[in-house]
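Chemist: This is the content of protein_2.cif (mmCIF, C-alpha atoms):
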```cif
data_protein
loop_
_atom_site.label_atom_id
_atom_site.label_comp_id
_atom_site.auth_asym_id
_atom_site.auth_seq_id
_atom_site.Cartn_x
_atom_site.Cartn_y
_atom_site.Cartn_z
CA SER K 1153 -1.80 -14.08 8.98
CA GLY K 1154 -3.52 -14.35 12.38
CA SER K 1155 -3.66 -12.86 15.85
CA ASP K 1156 -0.19 -11.43 16.51
CA LYS K 1157 1.22 -13.56 13.67
CA HIS K 1158 3.13 -12.16 10.70
CA ILE K 1159 4.46 -13.64 7.47
CA VAL K 1160 7.91 -12.13 6.96
CA GLY K 1161 9.78 -12.48 3.68
CA PHE K 1162 10.48 -11.05 0.24
CA VAL K 1163 9.89 -11.65 -3.46
CA THR K 1164 12.92 -13.52 -4.77
CA THR K 1165 14.97 -12.68 -7.84
CA MET K 1166 17.00 -15.93 -7.83
CA PRO K 1167 16.04 -19.65 -7.61
CA PHE K 1168 16.17 -21.38 -4.21
CA ASP K 1169 15.45 -24.66 -2.41
CA GLU K 1170 15.92 -23.57 1.21
CA VAL K 1171 14.63 -20.72 3.38
CA ARG K 1172 16.23 -19.60 6.67
CA TYR K 1173 14.70 -17.31 9.30
CA THR K 1174 17.06 -15.53 11.72
CA VAL K 1175 16.09 -13.43 14.73
CA SER K 1176 18.72 -11.05 16.13
CA GLN K 1177 19.14 -9.15 19.39
CA THR K 1178 21.47 -6.23 19.97
CA VAL K 1179 22.98 -5.18 23.29
CA GLY K 1180 20.36 -3.72 25.61
CA LEU K 1181 17.41 -5.11 23.63
CA ASP K 1182 15.10 -7.82 25.00
CA VAL K 1183 13.62 -9.72 22.08
CA GLY K 1184 12.14 -12.40 24.31
CA THR K 1185 10.57 -15.47 22.70
CA THR K 1186 9.83 -15.70 18.98
CA SER K 1187 7.46 -18.42 17.80
CA VAL K 1188 8.34 -19.77 14.34
CA PHE K 1189 5.45 -21.68 12.75
CA HIS K 1190 6.54 -22.73 9.25
CA ALA K 1191 8.28 -21.63 6.08
CA VAL K 1192 6.03 -19.99 3.48
CA ILE K 1193 6.33 -19.77 -0.30
CA THR K 1194 3.97 -18.04 -2.73
CA SER K 1195 3.83 -18.36 -6.51
CA TYR K 1196 2.21 -15.52 -8.41
CA CYS K 1197 -0.03 -15.50 -11.48
CA ALA K 1198 -1.79 -12.64 -13.23
CA GLY K 1199 -5.14 -11.45 -11.92
CA LEU K 1200 -8.26 -10.94 -14.02
CA THR K 1201 -8.65 -7.81 -16.13
CA PRO K 1202 -10.50 -5.31 -13.90
CA VAL K 1203 -14.18 -4.71 -14.65
CA CYS K 1204 -14.54 -1.47 -16.61
CA ASN K 1205 -15.33 1.70 -14.67
CA THR K 1206 -15.27 -0.15 -11.35
CA PRO K 1207 -12.69 0.53 -8.60
CA THR K 1208 -10.78 -2.72 -8.05
CA ALA K 1209 -8.72 -3.55 -4.96
CA LEU K 1210 -5.22 -4.95 -5.57
CA THR K 1211 -5.45 -7.70 -2.96
CA GLN K 1212 -4.48 -11.36 -2.65
CA SER K 1213 -5.34 -13.84 -3.95
CA ALA K 1214 -7.29 -12.18 -6.77
CA TYR K 1215 -4.11 -10.35 -7.79
CA PRO K 1216 -0.39 -11.04 -7.33
CA ALA K 1217 -0.15 -8.07 -4.95
CA ALA K 1218 2.65 -7.71 -2.42
CA ILE K 1219 3.89 -4.97 -0.12
CA SER K 1220 6.93 -3.50 -1.86
CA SER K 1221 7.89 -0.96 0.81
CA SER K 1222 6.74 0.92 3.88
CA GLY K 1223 8.44 3.40 6.16
CA LEU K 1224 8.61 6.68 8.05
CA THR K 1225 10.74 9.76 7.57
CA GLY K 1226 11.47 12.71 9.81
CA LEU K 1227 10.84 11.12 13.20
CA THR K 1228 11.38 8.10 15.41
CA LEU K 1229 8.17 8.22 17.48
CA GLY K 1230 5.69 7.37 14.72
CA SER K 1231 4.59 3.88 13.77
CA ILE K 1232 3.23 1.76 10.93
CA ASN K 1233 1.25 -1.32 11.94
CA GLY K 1234 -0.57 -4.14 10.13
CA VAL K 1235 1.11 -3.52 6.77
CA GLY K 1236 0.12 -6.97 5.50
CA ASN K 1237 -3.56 -6.06 5.89
CA VAL K 1238 -3.25 -3.80 2.84
CA VAL K 1239 -3.01 -6.82 0.53
CA SER K 1240 -5.21 -9.22 2.51
CA ALA K 1241 -8.37 -10.55 0.89
CA SER K 1242 -10.54 -8.73 3.45
CA LEU K 1243 -11.45 -5.25 2.24
CA SER K 1244 -12.19 -4.16 5.81
CA ASP K 1245 -8.63 -4.86 7.05
CA SER K 1246 -6.26 -1.91 7.16
CA ALA K 1247 -2.77 -0.85 8.08
CA THR K 1248 -2.30 2.25 10.23
CA ILE K 1249 0.23 5.05 9.89
CA PHE K 1250 0.59 7.14 13.06
CA LEU K 1251 2.40 10.50 13.03
CA PRO K 1252 2.82 12.30 16.41
CA VAL K 1253 1.52 15.85 16.72
CA GLY K 1254 3.77 18.79 15.93
CA ILE K 1255 6.53 16.97 14.05
CA ALA K 1256 7.29 17.26 10.33
CA ALA K 1257 7.10 13.69 9.07
CA THR K 1258 5.81 11.33 6.41
CA GLY K 1259 4.72 7.69 6.35
CA HIS K 1260 4.21 5.51 3.29
CA ILE K 1261 3.01 2.09 2.13
CA ALA K 1262 3.50 0.75 -1.40
CA VAL K 1263 1.90 -2.20 -3.24
CA LYS K 1264 3.30 -3.87 -6.35
CA ASP K 1265 1.60 -6.20 -8.82
CA GLN K 1266 4.27 -8.86 -9.35
CA ILE K 1267 3.10 -9.84 -12.85
CA THR K 1268 1.08 -7.18 -14.65
CA ASP K 1269 2.06 -3.76 -15.99
CA TYR K 1270 -1.01 -1.51 -16.12
CA PRO K 1271 -1.28 0.88 -19.09
CA ALA K 1272 -1.56 4.65 -19.07
CA GLY K 1273 -5.17 5.73 -18.61
CA TYR K 1274 -5.82 3.53 -15.57
CA PHE K 1275 -6.75 5.17 -12.27
CA ALA K 1276 -4.21 4.45 -9.52
CA GLY K 1277 -4.76 5.16 -5.84
CA PHE K 1278 -5.52 3.90 -2.35
CA GLU K 1279 -8.56 3.66 -0.12
CA VAL K 1280 -7.75 5.49 3.12
CA LYS K 1281 -9.43 6.96 6.21
CA ASN K 1282 -8.33 9.80 8.46
CA THR K 1283 -10.97 11.68 10.46
CA ALA K 1284 -8.47 14.48 11.17
CA LEU K 1285 -8.04 15.10 7.43
CA LEU K 1286 -11.32 15.55 5.61
CA GLY K 1287 -12.07 17.01 2.18
CA VAL K 1288 -9.28 19.25 0.92
CA GLY K 1289 -7.22 18.47 4.04
CA LEU K 1290 -7.02 14.81 3.05
CA LEU K 1291 -5.78 15.67 -0.44
CA ASN K 1292 -3.26 18.21 0.89
CA GLY K 1293 -1.80 15.57 3.20
CA SER K 1294 -1.70 12.76 0.62
CA THR K 1295 0.66 11.85 -2.20
CA ILE K 1296 0.22 9.02 -4.73
CA THR K 1297 3.27 7.83 -6.64
CA THR K 1298 3.43 5.20 -9.39
CA TYR K 1299 6.42 3.08 -10.42
CA LEU K 1300 7.31 0.69 -13.21
CA ASN K 1301 10.04 -1.89 -12.56
CA GLY K 1302 11.18 0.19 -9.60
CA VAL K 1303 11.45 3.46 -11.57
CA GLN K 1304 9.20 6.35 -10.53
CA GLN K 1305 6.64 7.21 -13.18
CA GLU K 1306 4.31 9.86 -11.76
CA ASN K 1307 3.88 11.70 -8.46
CA LYS K 1308 0.68 13.60 -7.61
CA THR K 1309 -0.45 15.48 -4.51
CA ALA K 1310 -3.06 18.00 -3.31
CA GLY K 1311 -5.03 19.52 -6.19
CA ALA K 1312 -3.72 16.97 -8.71
CA LEU K 1313 -5.50 14.15 -6.84
CA ILE K 1314 -9.07 12.89 -7.06
CA SER K 1315 -10.95 11.96 -3.88
CA LEU K 1316 -13.96 9.62 -4.10
CA VAL K 1317 -16.11 8.83 -1.05
CA SER K 1318 -16.15 5.03 -0.70
CA GLY K 1319 -17.69 4.46 2.75
CA SER K 1320 -18.04 5.88 6.23
CA ASP K 1321 -15.19 8.44 6.39
CA LYS K 1322 -13.35 6.39 3.73
CA HIS K 1323 -12.01 7.94 0.53
CA ILE K 1324 -10.33 6.55 -2.59
CA VAL K 1325 -7.49 8.98 -3.32
CA GLY K 1326 -5.58 8.84 -6.59
CA PHE K 1327 -5.33 10.03 -10.18
CA VAL K 1328 -5.74 8.92 -13.78
CA THR K 1329 -2.29 7.92 -14.99
CA THR K 1330 -0.56 9.07 -18.16
CA MET K 1331 2.25 6.49 -17.92
CA PRO K 1332 2.24 2.68 -17.38
CA PHE K 1333 2.87 1.32 -13.87
CA ASP K 1334 3.08 -1.85 -11.78
CA GLU K 1335 3.39 -0.30 -8.30
CA ILE K 1336 1.48 2.34 -6.33
CA ARG K 1337 2.67 4.17 -3.20
CA TYR K 1338 0.55 6.14 -0.73
CA THR K 1339 2.30 8.77 1.41
CA VAL K 1340 0.72 10.81 4.20
CA SER K 1341 2.56 13.99 5.20
CA GLN K 1342 2.51 16.19 8.28
CA THR K 1343 4.05 19.64 8.69
CA VAL K 1344 5.25 21.16 11.96
CA GLY K 1345 2.31 22.07 14.20
CA LEU K 1346 -0.20 19.86 12.36
CA ASP K 1347 -1.86 16.84 14.00
CA VAL K 1348 -2.50 14.23 11.33
CA GLY K 1349 -2.82 11.46 13.92
CA THR K 1350 -3.66 8.00 12.56
CA THR K 1351 -4.34 7.21 8.91
CA SER K 1352 -5.94 3.87 8.06
CA VAL K 1353 -4.74 2.46 4.72
CA PHE K 1354 -7.07 -0.24 3.39
CA HIS K 1355 -5.80 -1.26 -0.07
CA ALA K 1356 -4.41 -0.06 -3.38
CA VAL K 1357 -7.06 0.63 -6.01
CA ILE K 1358 -6.99 0.53 -9.81
CA THR K 1359 -9.74 1.33 -12.31
CA SER K 1360 -9.81 0.65 -16.04
CA TYR K 1361 -12.08 2.84 -18.13
CA CYS K 1362 -14.21 2.05 -21.14
CA ALA K 1363 -17.02 3.83 -22.95
CA GLY K 1364 -20.50 3.58 -21.47
CA THR K 1365 -23.53 2.28 -23.33
CA THR K 1366 -25.42 4.63 -25.62
CA PRO K 1367 -28.51 6.02 -23.83
#
```
Would you put the structure from the file into structure tokens?
Modeler:
Amino acid sequence: SGSDKHIVGFVTTMPFDEVRYTVSQTVGLDVGTTSVFHAVITSYCAGLTPVCNTPTALTQSAYPAAISSSGLTGLTLGSINGVGNVVSASLSDSATIFLPVGIAATGHIAVKDQITDYPAGYFAGFEVKNTALLGVGLLNGSTITTYLNGVQQENKTAGALISLVSGSDKHIVGFVTTMPFDEIRYTVSQTVGLDVGTTSVFHAVITSYCAGTTP
């Protein structure tokens, strides 16, 4: 939300009229000073139907997109930064997933549309960038998973994924779904001895398909 600022919260499942923010410090930790600017609420409404055959970013405020999860497995030295950038209105903003060399690990970021369920036949994926993983290497290190109401629908990796060049070293990685979904997760994986380094994750992408015009 700004330089060194973050909006921290969650999508509610119960009504409310008050919001409390609490900062905690455990023994041996120095939290220092936390600046609290204001409480934030967001109401969601459905986005427009995507233009046919055109990759569409699931970003605010065009769509009711929110980060549903992010995290690392297999290590404690990696990091995920700027997660909120994945749903920001700027298509040049990105989150970063860093995995240290030589350690088996994964990192993921997931985006959920809070209103709309997308039907089977839509493309689901993410726009990402990793100069250490190009071509087949990018597909081998990537997994795209779809969910509907929190239940996993499909999970594709490596040869089951499509990679489309979308800019300088950027690729849209994903697949054409066969089941409905409302959430998409991108996971980057690293095996022992591999140096994946830093993966930039720009935004979730959907595409609806329709027949072209007759020549």
Chemist: With 7 Å as the cut-off and all atoms listed in the file counted, what is the closest atom pair between each nearby residue of stretch 1286-1365 of chain K and stretch 1239-1251 of chain K? Distances in Å to one decimal, ordered by chain and number, as JSON lines.
Modeler:
```
{"residue": "K:Val1348", "atom": "CA", "partner": "K:Leu1251", "partner_atom": "CA", "distance": 6.4}
{"residue": "K:Gly1349", "atom": "CA", "partner": "K:Leu1251", "partner_atom": "CA", "distance": 5.4}
{"residue": "K:Thr1350", "atom": "CA", "partner": "K:Phe1250", "partner_atom": "CA", "distance": 4.4}
{"residue": "K:Thr1351", "atom": "CA", "partner": "K:Ile1249", "partner_atom": "CA", "distance": 5.1}
{"residue": "K:Ser1352", "atom": "CA", "partner": "K:Thr1248", "partner_atom": "CA", "distance": 4.5}
{"residue": "K:Val1353", "atom": "CA", "partner": "K:Ala1247", "partner_atom": "CA", "distance": 5.1}
{"residue": "K:Phe1354", "atom": "CA", "partner": "K:Ser1246", "partner_atom": "CA", "distance": 4.2}
{"residue": "K:His1355", "atom": "CA", "partner": "K:Val1239", "partner_atom": "CA", "distance": 6.2}
```
Chemist: Can you pull out the residues contacting K:Val1340? Cut-off 12 Å, using all atoms listed in the file, and skip same-chain residues under 2 positions away; I want them as a PDB file with C-alpha atoms, keeping the file's coordinate frame.
Modeler:
```pdb
ATOM      1  CA  SER K1222       6.740   0.920   3.880  1.00  0.00           C
ATOM      2  CA  GLY K1223       8.440   3.400   6.160  1.00  0.00           C
ATOM      3  CA  LEU K1224       8.610   6.680   8.050  1.00  0.00           C
ATOM      4  CA  THR K1225      10.740   9.760   7.570  1.00  0.00           C
ATOM      5  CA  ILE K1232       3.230   1.760  10.930  1.00  0.00           C
ATOM      6  CA  THR K1248      -2.300   2.250  10.230  1.00  0.00           C
ATOM      7  CA  ILE K1249       0.230   5.050   9.890  1.00  0.00           C
ATOM      8  CA  PHE K1250       0.590   7.140  13.060  1.00  0.00           C
ATOM      9  CA  LEU K1251       2.400  10.500  13.030  1.00  0.00           C
ATOM     10  CA  ALA K1256       7.290  17.260  10.330  1.00  0.00           C
ATOM     11  CA  ALA K1257       7.100  13.690   9.070  1.00  0.00           C
ATOM     12  CA  THR K1258       5.810  11.330   6.410  1.00  0.00           C
ATOM     13  CA  GLY K1259       4.720   7.690   6.350  1.00  0.00           C
ATOM     14  CA  HIS K1260       4.210   5.510   3.290  1.00  0.00           C
ATOM     15  CA  ILE K1261       3.010   2.090   2.130  1.00  0.00           C
ATOM     16  CA  ALA K1262       3.500   0.750  -1.400  1.00  0.00           C
ATOM     17  CA  PHE K1278      -5.520   3.900  -2.350  1.00  0.00           C
ATOM     18  CA  VAL K1280      -7.750   5.490   3.120  1.00  0.00           C
ATOM     19  CA  LYS K1281      -9.430   6.960   6.210  1.00  0.00           C
ATOM     20  CA  ASN K1282      -8.330   9.800   8.460  1.00  0.00           C
ATOM     21  CA  LEU K1285      -8.040  15.100   7.430  1.00  0.00           C
ATOM     22  CA  GLY K1289      -7.220  18.470   4.040  1.00  0.00           C
ATOM     23  CA  LEU K1290      -7.020  14.810   3.050  1.00  0.00           C
ATOM     24  CA  LEU K1291      -5.780  15.670  -0.440  1.00  0.00           C
ATOM     25  CA  ASN K1292      -3.260  18.210   0.890  1.00  0.00           C
ATOM     26  CA  GLY K1293      -1.800  15.570   3.200  1.00  0.00           C
ATOM     27  CA  SER K1294      -1.700  12.760   0.620  1.00  0.00           C
ATOM     28  CA  THR K1295       0.660  11.850  -2.200  1.00  0.00           C
ATOM     29  CA  ILE K1296       0.220   9.020  -4.730  1.00  0.00           C
ATOM     30  CA  THR K1297       3.270   7.830  -6.640  1.00  0.00           C
ATOM     31  CA  THR K1309      -0.450  15.480  -4.510  1.00  0.00           C
ATOM     32  CA  ALA K1310      -3.060  18.000  -3.310  1.00  0.00           C
ATOM     33  CA  VAL K1325      -7.490   8.980  -3.320  1.00  0.00           C
ATOM     34  CA  ARG K1337       2.670   4.170  -3.200  1.00  0.00           C
ATOM     35  CA  TYR K1338       0.550   6.140  -0.730  1.00  0.00           C
ATOM     36  CA  GLN K1342       2.510  16.190   8.280  1.00  0.00           C
ATOM     37  CA  THR K1343       4.050  19.640   8.690  1.00  0.00           C
ATOM     38  CA  ASP K1347      -1.860  16.840  14.000  1.00  0.00           C
ATOM     39  CA  VAL K1348      -2.500  14.230  11.330  1.00  0.00           C
ATOM     40  CA  GLY K1349      -2.820  11.460  13.920  1.00  0.00           C
ATOM     41  CA  THR K1350      -3.660   8.000  12.560  1.00  0.00           C
ATOM     42  CA  THR K1351      -4.340   7.210   8.910  1.00  0.00           C
ATOM     43  CA  SER K1352      -5.940   3.870   8.060  1.00  0.00           C
ATOM     44  CA  VAL K1353      -4.740   2.460   4.720  1.00  0.00           C
TER      45      VAL K1353
END
```
Chemist: Tell me, as a ChimeraX atom specification, which residues lie within 12 Å of K:Ser1187, counting all atoms listed in the file; anything in the same chain fewer than 2 positions away does not count.
Modeler: /K:1156-1159,1173-1175,1183-1185,1189-1190
Chemist: Using all atoms listed in the file, which residues sit within 9 Å of K:Tyr1274 once same-chain residues fewer than 3 positions away are excluded, as a list in words?
Modeler: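 Returned residues: Tyr1270, Pro1271, Phe1327, Val1328, Thr1329, Thr1330, Met1331, Pro1332, Ile1358, Thr1359, Ser1360 and Tyr1361 of chain K.
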Chemist: Could you tell me how far atom CA of K:Leu1300 lies from atom CA of K:Ser1315, in Å and to one decimal?
Modeler: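 Taking atom CA of K:Leu1300 as the start and atom CA of K:Ser1315 as the end point, the length is 23.4 Å.
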Chemist: Go through K:Pro1167, K:Gly1234, K:Gly1226, K:Gly1254 one by one, measure the shortest atom-to-atom distance of each to K:Val1344 using all atoms listed in the file, and give the residue with the smallest value.
Modeler: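 Of K:Pro1167, K:Gly1234, K:Gly1226, K:Gly1254, the one nearest K:Val1344, counting all atoms listed in the file, is K:Gly1254.
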Chemist: May I ask for the distance between atom CA of K:Glu1335 and atom CA of K:Thr1268, given in Å to one decimal place?
Modeler: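 Separating atom CA of K:Glu1335 from atom CA of K:Thr1268 is a distance of 9.6 Å.
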Chemist: Counting only C-alpha atoms, figure out which residue out of K:Ile1324, K:Leu1229, K:Val1357, K:Val1303 gets nearest to K:Tyr1215.
Modeler: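 Looking only at the distances to K:Tyr1215, the closest residue turns out to be K:Val1357.
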Chemist: Go through the shown structure with the PyMOL selection byres ((chain K and resi 1210) around 9) and write out the matching residues as a list of chain:residue names.
Modeler: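 For this structure, the PyMOL selection byres ((chain K and resi 1210) around 9) captures K:Thr1208, K:Ala1209, K:Thr1211, K:Gln1212, K:Ala1214, K:Tyr1215, K:Pro1216, K:Ala1217, K:Ala1218, K:Val1238, K:Val1239, K:Val1263, K:Lys1264, K:Asp1265, K:His1355, K:Ala1356, K:Val1357, K:Ile1358.
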Chemist: In Å to one decimal, how far is atom CA of K:Phe1333 from atom CA of K:Ala1272?
Modeler: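 Value for the atom CA of K:Ala1272-atom CA of K:Phe1333 distance: 7.6 Å.
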Chemist: Name the residues in contact with stretch 1163-1165 of chain K at a cut-off of 10 Å, using all atoms listed in the file, excluding same-chain residues fewer than 5 positions from it; report them as a PDB file with C-alpha atoms, in the frame of the given file.
Modeler:
```pdb
ATOM      1  CA  ILE K1193       6.330 -19.770  -0.300  1.00  0.00           C
ATOM      2  CA  THR K1194       3.970 -18.040  -2.730  1.00  0.00           C
ATOM      3  CA  SER K1195       3.830 -18.360  -6.510  1.00  0.00           C
ATOM      4  CA  TYR K1196       2.210 -15.520  -8.410  1.00  0.00           C
ATOM      5  CA  ALA K1218       2.650  -7.710  -2.420  1.00  0.00           C
ATOM      6  CA  ILE K1219       3.890  -4.970  -0.120  1.00  0.00           C
ATOM      7  CA  SER K1220       6.930  -3.500  -1.860  1.00  0.00           C
ATOM      8  CA  GLN K1266       4.270  -8.860  -9.350  1.00  0.00           C
TER       9      GLN K1266
END
```
Chemist: Kindly indicate which residue among K:Gly1277, K:Thr1186, K:Ser1213, K:Gly1199 lies nearest to K:Ile1314, using all atoms listed in the file for the distances.
Modeler: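 Of all the options, K:Gly1277 lies closest to K:Ile1314.
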Chemist: Using only C-alpha atoms, determine which residues lie at most 10 Å from K:Cys1362, disregarding the query and same-chain residues fewer than 3 positions distant; provide the list as JSON, numbers by chain.
Modeler: {"K": [1203, 1204, 1205, 1359, 1365]}
Chemist: Which is closer to K:Val1171 than all the others in K:Ala1191, K:Ser1231, K:Val1253, K:Cys1197, using all atoms listed in the file?
Modeler: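 For K:Val1171, the nearest of the given residues is K:Ala1191.
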Chemist: Please rebuild stretch 1313-1323 of chain K with all heavy atoms and give the result as a tab-separated table (two decimals), keeping the file's coordinate frame.
Modeler:
```tsv
chain	number	residue	atom	x	y	z
K	1313	LEU	N	-4.88	15.42	-7.21
K	1313	LEU	CA	-5.50	14.15	-6.84
K	1313	LEU	C	-7.02	14.23	-6.90
K	1313	LEU	O	-7.61	15.29	-6.74
K	1313	LEU	CB	-5.08	13.75	-5.42
K	1313	LEU	CG	-3.60	13.39	-5.21
K	1313	LEU	CD1	-3.32	13.17	-3.73
K	1313	LEU	CD2	-3.23	12.15	-6.01
K	1314	ILE	N	-7.61	13.05	-7.10
K	1314	ILE	CA	-9.07	12.89	-7.06
K	1314	ILE	C	-9.42	12.17	-5.77
K	1314	ILE	O	-8.74	11.22	-5.37
K	1314	ILE	CB	-9.55	12.05	-8.26
K	1314	ILE	CG1	-9.18	12.71	-9.59
K	1314	ILE	CG2	-11.06	11.81	-8.19
K	1314	ILE	CD1	-9.36	11.81	-10.80
K	1315	SER	N	-10.48	12.62	-5.09
K	1315	SER	CA	-10.95	11.96	-3.88
K	1315	SER	C	-12.38	11.52	-4.07
K	1315	SER	O	-13.26	12.33	-4.37
K	1315	SER	CB	-10.84	12.90	-2.67
K	1315	SER	OG	-11.35	12.27	-1.50
K	1316	LEU	N	-12.63	10.20	-3.93
K	1316	LEU	CA	-13.96	9.62	-4.10
K	1316	LEU	C	-14.40	9.01	-2.78
K	1316	LEU	O	-13.69	8.20	-2.19
K	1316	LEU	CB	-13.95	8.53	-5.18
K	1316	LEU	CG	-13.37	8.94	-6.55
K	1316	LEU	CD1	-13.24	7.71	-7.44
K	1316	LEU	CD2	-14.27	9.98	-7.21
K	1317	VAL	N	-15.58	9.41	-2.29
K	1317	VAL	CA	-16.11	8.83	-1.05
K	1317	VAL	C	-16.45	7.37	-1.31
K	1317	VAL	O	-17.19	7.04	-2.26
K	1317	VAL	CB	-17.34	9.59	-0.56
K	1317	VAL	CG1	-17.92	8.92	0.68
K	1317	VAL	CG2	-16.99	11.05	-0.26
K	1318	SER	N	-15.93	6.46	-0.47
K	1318	SER	CA	-16.15	5.03	-0.70
K	1318	SER	C	-16.81	4.33	0.49
K	1318	SER	O	-17.08	3.14	0.43
K	1318	SER	CB	-14.80	4.34	-0.98
K	1318	SER	OG	-13.88	4.57	0.07
K	1319	GLY	N	-17.08	5.06	1.57
K	1319	GLY	CA	-17.69	4.46	2.75
K	1319	GLY	C	-17.67	5.46	3.88
K	1319	GLY	O	-17.33	6.63	3.69
K	1320	SER	N	-18.02	5.00	5.06
K	1320	SER	CA	-18.04	5.88	6.23
K	1320	SER	C	-16.65	6.44	6.50
K	1320	SER	O	-15.77	5.72	6.95
K	1320	SER	CB	-18.54	5.10	7.45
K	1320	SER	OG	-18.53	5.91	8.60
K	1321	ASP	N	-16.47	7.73	6.21
K	1321	ASP	CA	-15.19	8.44	6.39
K	1321	ASP	C	-14.07	7.87	5.53
K	1321	ASP	O	-12.91	8.26	5.70
K	1321	ASP	CB	-14.77	8.43	7.87
K	1321	ASP	CG	-15.72	9.20	8.76
K	1321	ASP	OD1	-16.25	10.23	8.28
K	1321	ASP	OD2	-15.93	8.79	9.91
K	1322	LYS	N	-14.37	6.95	4.62
K	1322	LYS	CA	-13.35	6.39	3.73
K	1322	LYS	C	-13.34	7.15	2.40
K	1322	LYS	O	-14.39	7.59	1.92
K	1322	LYS	CB	-13.61	4.91	3.43
K	1322	LYS	CG	-13.45	3.97	4.60
K	1322	LYS	CD	-13.72	2.55	4.13
K	1322	LYS	CE	-13.60	1.53	5.24
K	1322	LYS	NZ	-13.87	0.15	4.75
K	1323	HIS	N	-12.15	7.28	1.82
K	1323	HIS	CA	-12.01	7.94	0.53
K	1323	HIS	C	-11.02	7.15	-0.33
K	1323	HIS	O	-10.01	6.64	0.18
K	1323	HIS	CB	-11.50	9.37	0.69
K	1323	HIS	CG	-12.44	10.26	1.42
K	1323	HIS	ND1	-13.30	11.14	0.79
K	1323	HIS	CD2	-12.68	10.41	2.74
K	1323	HIS	CE1	-14.01	11.79	1.68
K	1323	HIS	NE2	-13.66	11.37	2.87
```
